[in-house]
Amino acid sequence: MRIGRRMFLEGALIAGAGVISPSLTTAQPSKPLARQIPSSREAIAAVGLGSWITFNVGDDTALMDECAQVMAAFFAAGGHMIDCSPMYGSSQPVIGYGLEKLGHPKSLFSADKVWTSSGASGPEQIERSRRYWGVPRFDLVQVHNLLSWEAHLKTLIDMRTAGQVRYIGVTTSDGRRHDLLEQIMRTQPLDFVQLSYNVVDREPEQRLLPLAAERGIAVIVNRPFQQGRLIRRLARDDVPEWAAEIGASTWAQFILKYIVSHPAVTVAIPATTSVDHVRENVDAARGVMPDPAMRTRMVSYVQDL
Amino acid sequence: MAQWWSYRPADLLLFSPRVYWRMFELQNAQMWPLALLTLSAGFAMVFLVIWRPKDHGRWIAIILALLWAIVGYSFVWNRYATINWAMAYVAPMFALQSILLLIVGIASDGLVFTQRGFAGWSGLVLIASALLLYPVLPVFSGTPWRQMQLFGMAPDPTAIGTLGLLVLARGRYLALLFPIPVLWCFITGLTLSAMGSGQAWLALAAVAVVLTTGVRLALLRRSPPNTG
Ligand SMILES: NC(=O)c1ccc[n+]([C@@H]2O[C@H](COP(=O)([O-])OP(=O)(O)OC[C@H]3O[C@@H](n4cnc5c(N)ncnc54)[C@H](OP(=O)(O)O)[C@@H]3O)[C@@H](O)[C@H]2O)c1
């Protein structure tokens, strides 16, 4: 389904991206595009930072310092959300190390997950994760891959009521379990939902993204580059010259601009080990964003490659 | 519907190859010069097998038990488990192998290293790959020398070298000592193949050699003695 002009405008309003007009639009050059979290109207930079594999470096101090440098560049560029999970090996303590080293930047939006089949051990796991990060509380806790989601959501709703977490959500990836996800989005009081979406995996455009806009649920897009495979595949060809119209000079920016210009999308969270890449990624949320006509052009160009 | 079949082995990899290979660099640096000692222990066991002095079976079992404890604790538990939570469940298997080696090796009818012929050659090939081939793998993979995998420090050559020695052994409870090193070779083979590393084949080939030798020995035992 293409995004109609009406949905684009409505979505832009719902997602709080008031800066986007129906034609090619320009955001402030200094700050990356910010989207509003529907449930609170809080603004958040549209490109965040993932940590799967990239931040799982154990206690290798040289690599931990490299991760801290990536985080420093991320915050310096204007990024907010860092996403992690207890599933990601040492990534949580590595993020904690980086935050400590950077003096706990105020702009951090901490997003973690609960990932255990036992509902009863959820609170304990969340507390352990919080200590690894060294934050007073998480901004967002999500149920990872919908694992034991009923029990964990109950815990998270109670925690949100008690002010122990600001937002709650659920995650899935690679198009898995979208039927269940849709059912949860329809029935549960979620602030966030996390799913995979990009210029080639566009199934969420059919139902999930419109549903998120309708229900006022913020959308986090994971795996924007298909773990790097999409960029490597596209890199066999040059970025089209017309991509300069939206300020995309690389395939990474081309993909990210496509994602974050969907009105229902709140944040895309690419992961990287590289300072240059993190800057390039956050920069994708700057400048001109594609309008519906440009988005259609982007899809057909990639399809024809 | 968890759609588990939609996962590829690479989807289950929690770490990058770079972080994986750097573990050996850190292990070698931290354990130096103990690494020299464990490698020498490997060669010492070869001499024990060749000369078969009194109690050689016990000595080999004790040395192997020590090495499994060292690798299990210093590498699998302290290092690998930090990037792969599944290793927290695998590390106790190294402790168990160490205990089994002690029990089976020290028992009065423990291990004797008398196998020759096909089994002898199989064992020799496995031991040679563990002691001599693994340390020079960086030449083929183009990784730094500092990341070499040494017998008694890194799990793969330790498991393969142990299998080589066990193939040369006879003993009542010998069979108890095979499952854990074989399982490790499977685990590491799958991990390395998910990482796209050709080294996966070394560990899987080691299992194939052990199985072939086992089957051959079993067949020989079944066939009637050749009385001429
Ligand atoms: N179920 C879930 O909850 C779930 C599932 C999957 C992912 N996630 C979250 O989503 C995040 C993102 O997904 P992902 O890490 O799987 O994959 P991804 O972000 O699609 O891809 C990461 C890969 O892209 C490369 N990359 C990043 N920026 C680049 C650039 N500008 N140019 C070229 N290459 C670039 C990185 O390599 P370099 O290091 O070389 O830059 C890295 O190998 C995860 O880290 C995780 O936080 C959540």
# chains A, B, ... in the order shown; residues from 1 in each chain; ligands from 1
call {"tool": "interface_residues", "arguments": {"of": "chain B", "to": "chain A", "cutoff": "6 Å", "atoms": "only C-alpha atoms", "output": "short mmCIF file (atom, residue, chain, number, x, y, z; two decimals) with N, CA, C and O atoms, in the first residue's frame"}}
result
data_model
loop_
_atom_site.label_atom_id
_atom_site.label_comp_id
_atom_site.auth_asym_id
_atom_site.auth_seq_id
_atom_site.Cartn_x
_atom_site.Cartn_y
_atom_site.Cartn_z
N LEU B 14 25.84 -13.93 18.47
CA LEU B 14 25.67 -12.74 19.31
C LEU B 14 26.81 -11.75 19.17
O LEU B 14 26.77 -10.67 19.71
N PHE B 15 27.90 -12.18 18.51
CA PHE B 15 29.12 -11.36 18.52
C PHE B 15 29.70 -11.34 17.12
O PHE B 15 29.37 -12.17 16.27
N VAL B 19 35.45 -9.64 17.48
CA VAL B 19 35.45 -9.79 18.94
C VAL B 19 35.84 -11.23 19.30
O VAL B 19 36.59 -11.46 20.25
N THR B 82 31.20 -13.98 28.51
CA THR B 82 30.84 -12.55 28.55
C THR B 82 30.23 -12.09 27.23
O THR B 82 29.48 -11.14 27.20
N ILE B 83 30.56 -12.77 26.12
CA ILE B 83 29.95 -12.36 24.85
C ILE B 83 28.92 -13.37 24.35
O ILE B 83 28.22 -13.11 23.38
N ASN B 84 28.85 -14.51 25.01
CA ASN B 84 27.89 -15.53 24.57
C ASN B 84 27.31 -16.19 25.83
O ASN B 84 27.94 -17.07 26.42
N TRP B 85 26.12 -15.76 26.23
CA TRP B 85 25.56 -16.23 27.50
C TRP B 85 25.39 -17.75 27.53
O TRP B 85 25.39 -18.36 28.58
#
call {"tool": "residues_around", "arguments": {"residues": "A:Asp191", "least_positions_apart": "2", "cutoff": "12 Å", "atoms": "only C-alpha atoms", "output": "JSON list (two decimals) with C-alpha atoms, in the first residue's frame"}}
result
[["chain", "number", "residue", "atom", "x", "y", "z"],
["A", 36, "GLN", "CA", 6.97, 13.10, 19.00],
["A", 37, "ILE", "CA", 6.12, 10.08, 21.13],
["A", 38, "PRO", "CA", 2.32, 10.04, 20.69],
["A", 39, "SER", "CA", 1.49, 9.11, 24.29],
["A", 40, "SER", "CA", 3.41, 12.06, 25.79],
["A", 41, "ARG", "CA", 4.26, 14.48, 22.95],
["A", 42, "GLU", "CA", 7.89, 14.24, 24.08],
["A", 139, "ASP", "CA", 12.83, 5.51, 29.77],
["A", 140, "LEU", "CA", 11.43, 2.52, 27.93],
["A", 141, "VAL", "CA", 11.22, -1.20, 28.68],
["A", 142, "GLN", "CA", 9.94, -3.52, 25.96],
["A", 153, "LEU", "CA", 3.24, -6.50, 30.08],
["A", 156, "LEU", "CA", 5.47, -3.20, 32.93],
["A", 157, "ILE", "CA", 2.04, -1.58, 33.23],
["A", 160, "ARG", "CA", 4.74, 2.55, 34.58],
["A", 165, "VAL", "CA", 9.63, 3.26, 33.91],
["A", 166, "ARG", "CA", 8.36, 6.03, 31.65],
["A", 167, "TYR", "CA", 7.19, 4.07, 28.62],
["A", 168, "ILE", "CA", 6.45, 0.45, 27.80],
["A", 169, "GLY", "CA", 6.35, -1.54, 24.60],
["A", 170, "VAL", "CA", 6.82, -4.84, 22.78],
["A", 171, "THR", "CA", 9.26, -5.89, 20.05],
["A", 184, "ILE", "CA", -1.44, -6.79, 21.11],
["A", 185, "MET", "CA", -1.37, -3.34, 19.53],
["A", 188, "GLN", "CA", -2.88, -3.34, 25.11],
["A", 189, "PRO", "CA", -1.99, 0.14, 26.41],
["A", 193, "VAL", "CA", 6.14, -1.01, 19.38],
["A", 194, "GLN", "CA", 9.38, -2.18, 17.72],
["A", 212, "ALA", "CA", 0.26, 2.41, 15.23],
["A", 213, "ALA", "CA", -0.71, 5.85, 13.93],
["A", 215, "ARG", "CA", -3.70, 3.89, 18.18],
["A", 216, "GLY", "CA", -1.11, 6.55, 19.04],
["A", 217, "ILE", "CA", 1.74, 4.06, 19.46],
["A", 218, "ALA", "CA", 5.29, 5.18, 18.77],
["A", 219, "VAL", "CA", 7.20, 2.95, 16.32],
["A", 220, "ILE", "CA", 10.87, 1.97, 16.67],
["A", 266, "THR", "CA", 9.22, 7.52, 15.47]]
call {"tool": "closest_atom_pairs", "arguments": {"of": "chain A", "to": "ligand 1", "cutoff": "7 Å", "atoms": "only C-alpha atoms and all ligand atoms", "output": "Markdown table"}}
result
| residue | atom | partner | partner_atom_place_in_ligand_line | distance |
| --- | --- | --- | --- | --- |
| A:Leu49 | CA | ligand 1 | 47 (O) | 6.9 |
| A:Gly50 | CA | ligand 1 | 47 (O) | 3.3 |
| A:Ser51 | CA | ligand 1 | 45 (O) | 3.9 |
| A:Trp52 | CA | ligand 1 | 45 (O) | 3.7 |
| A:Ile53 | CA | ligand 1 | 15 (O) | 6.7 |
| A:Thr54 | CA | ligand 1 | 39 (O) | 6.2 |
| A:Asp83 | CA | ligand 1 | 47 (O) | 4.7 |
| A:Cys84 | CA | ligand 1 | 47 (O) | 5.1 |
| A:His144 | CA | ligand 1 | 3 (O) | 5.1 |
| A:Asn145 | CA | ligand 1 | 1 (N) | 4.8 |
| A:Thr171 | CA | ligand 1 | 3 (O) | 4.7 |
| A:Thr172 | CA | ligand 1 | 1 (N) | 4.2 |
| A:Ser173 | CA | ligand 1 | 1 (N) | 4.6 |
| A:Gln194 | CA | ligand 1 | 3 (O) | 6.6 |
| A:Asn222 | CA | ligand 1 | 10 (O) | 3.7 |
| A:Arg223 | CA | ligand 1 | 13 (O) | 3.3 |
| A:Pro224 | CA | ligand 1 | 20 (O) | 4.1 |
| A:Phe225 | CA | ligand 1 | 20 (O) | 3.3 |
| A:Gln226 | CA | ligand 1 | 20 (O) | 4.1 |
| A:Gln227 | CA | ligand 1 | 21 (O) | 3.2 |
| A:Gly228 | CA | ligand 1 | 24 (O) | 3.7 |
| A:Ile231 | CA | ligand 1 | 33 (C) | 6.3 |
| A:Ala252 | CA | ligand 1 | 31 (N) | 4.9 |
| A:Ile269 | CA | ligand 1 | 11 (C) | 5.2 |
| A:Pro270 | CA | ligand 1 | 19 (O) | 3.3 |
| A:Ala271 | CA | ligand 1 | 19 (O) | 4.1 |
| A:Thr272 | CA | ligand 1 | 39 (O) | 3.6 |
| A:Thr273 | CA | ligand 1 | 39 (O) | 3.7 |
| A:Ser274 | CA | ligand 1 | 41 (O) | 5.0 |
| A:His277 | CA | ligand 1 | 31 (N) | 3.9 |
| A:Val278 | CA | ligand 1 | 28 (N) | 6.2 |
| A:Glu280 | CA | ligand 1 | 31 (N) | 5.4 |
| A:Asn281 | CA | ligand 1 | 31 (N) | 5.3 |
call {"tool": "select_by_dssp", "arguments": {"residues": "stretch 201-287 of chain A", "states": "strand (DSSP E or B)", "output": "count of residues only"}}
result
7
call {"tool": "closest_residue", "arguments": {"among": "B:Leu34, B:Leu111, B:Leu204, B:Ala194", "to": "B:Trp59", "atoms": "only C-alpha atoms"}}
result
B:Leu111
call {"tool": "residues_around", "arguments": {"residues": "B:Ala69", "least_positions_apart": "6", "cutoff": "8 Å", "atoms": "only C-alpha atoms", "output": "list in words"}}
result
Phe94, Ala95 and Ser98 of chain B
call {"tool": "atom_distance", "arguments": {"atom1": "atom CA of B:Gly120", "atom2": "atom CA of B:Arg216"}}
result
12.2 Å
call {"tool": "residues_around", "arguments": {"residues": "B:Gln115", "least_positions_apart": "3", "cutoff": "7 Å", "atoms": "only C-alpha atoms", "output": "CSV table (one decimal) with all heavy atoms, in the first residue's frame"}}
result
chain,number,residue,atom,x,y,z
B,119,ALA,N,44.0,-46.6,14.4
B,119,ALA,CA,43.7,-45.7,15.6
B,119,ALA,C,44.9,-44.9,15.9
B,119,ALA,O,44.8,-43.7,16.2
B,119,ALA,CB,43.3,-46.6,16.8
B,120,GLY,N,46.1,-45.5,15.8
B,120,GLY,CA,47.3,-44.8,16.1
B,120,GLY,C,47.5,-43.6,15.2
B,120,GLY,O,47.8,-42.5,15.6
B,168,LEU,N,43.9,-43.0,21.1
B,168,LEU,CA,45.1,-43.9,21.3
B,168,LEU,C,45.0,-44.8,22.6
B,168,LEU,O,45.8,-45.6,22.8
B,168,LEU,CB,46.4,-43.1,21.5
B,168,LEU,CG,46.8,-42.3,20.3
B,168,LEU,CD1,48.0,-41.4,20.6
B,168,LEU,CD2,47.2,-43.2,19.1
B,169,ALA,N,43.9,-44.5,23.3
B,169,ALA,CA,43.8,-45.2,24.7
B,169,ALA,C,42.9,-46.4,24.7
B,169,ALA,O,42.1,-46.6,23.8
B,169,ALA,CB,43.3,-44.2,25.7
call {"tool": "residues_around", "arguments": {"residues": "stretch 41-48 of chain B", "least_positions_apart": "3", "cutoff": "7 Å", "atoms": "only C-alpha atoms", "output": "list in words"}}
result
Leu37, Thr38, Trp51, Arg52, Pro53, His56, Ile60, Leu131 and Phe151 of chain B
call {"tool": "residues_around", "arguments": {"residues": "B:Gly105", "least_positions_apart": "3", "cutoff": "6 Å", "atoms": "only C-alpha atoms", "output": "PyMOL selection string"}}
result
chain B and resi 58+61+101-102+110-111
call {"tool": "select_by_dssp", "arguments": {"residues": "stretch 57-287 of chain A", "states": "alpha helix (DSSP H)", "output": "PyMOL selection string"}}
result
chain A and resi 61-77+91-101+122-133+149-161+178-187+208-215+229-234+251-260+275-283
call {"tool": "atom_distance", "arguments": {"atom1": "atom CA of A:Phe192", "atom2": "atom CA of A:Tyr97"}}
result
26.3 Å
call {"tool": "closest_residue", "arguments": {"among": "A:Arg128, A:Lys31, A:Lys154, A:Arg137", "to": "A:Phe75", "atoms": "only C-alpha atoms"}}
result
A:Lys31
call {"tool": "closest_residue", "arguments": {"among": "B:Ser40, B:Leu217, B:Phe178, B:Val71", "to": "B:Leu132", "atoms": "only C-alpha atoms"}}
result
B:Ser40
call {"tool": "atom_distance", "arguments": {"atom1": "atom CA of B:Thr158", "atom2": "atom CA of B:Gly196"}}
result
21.8 Å
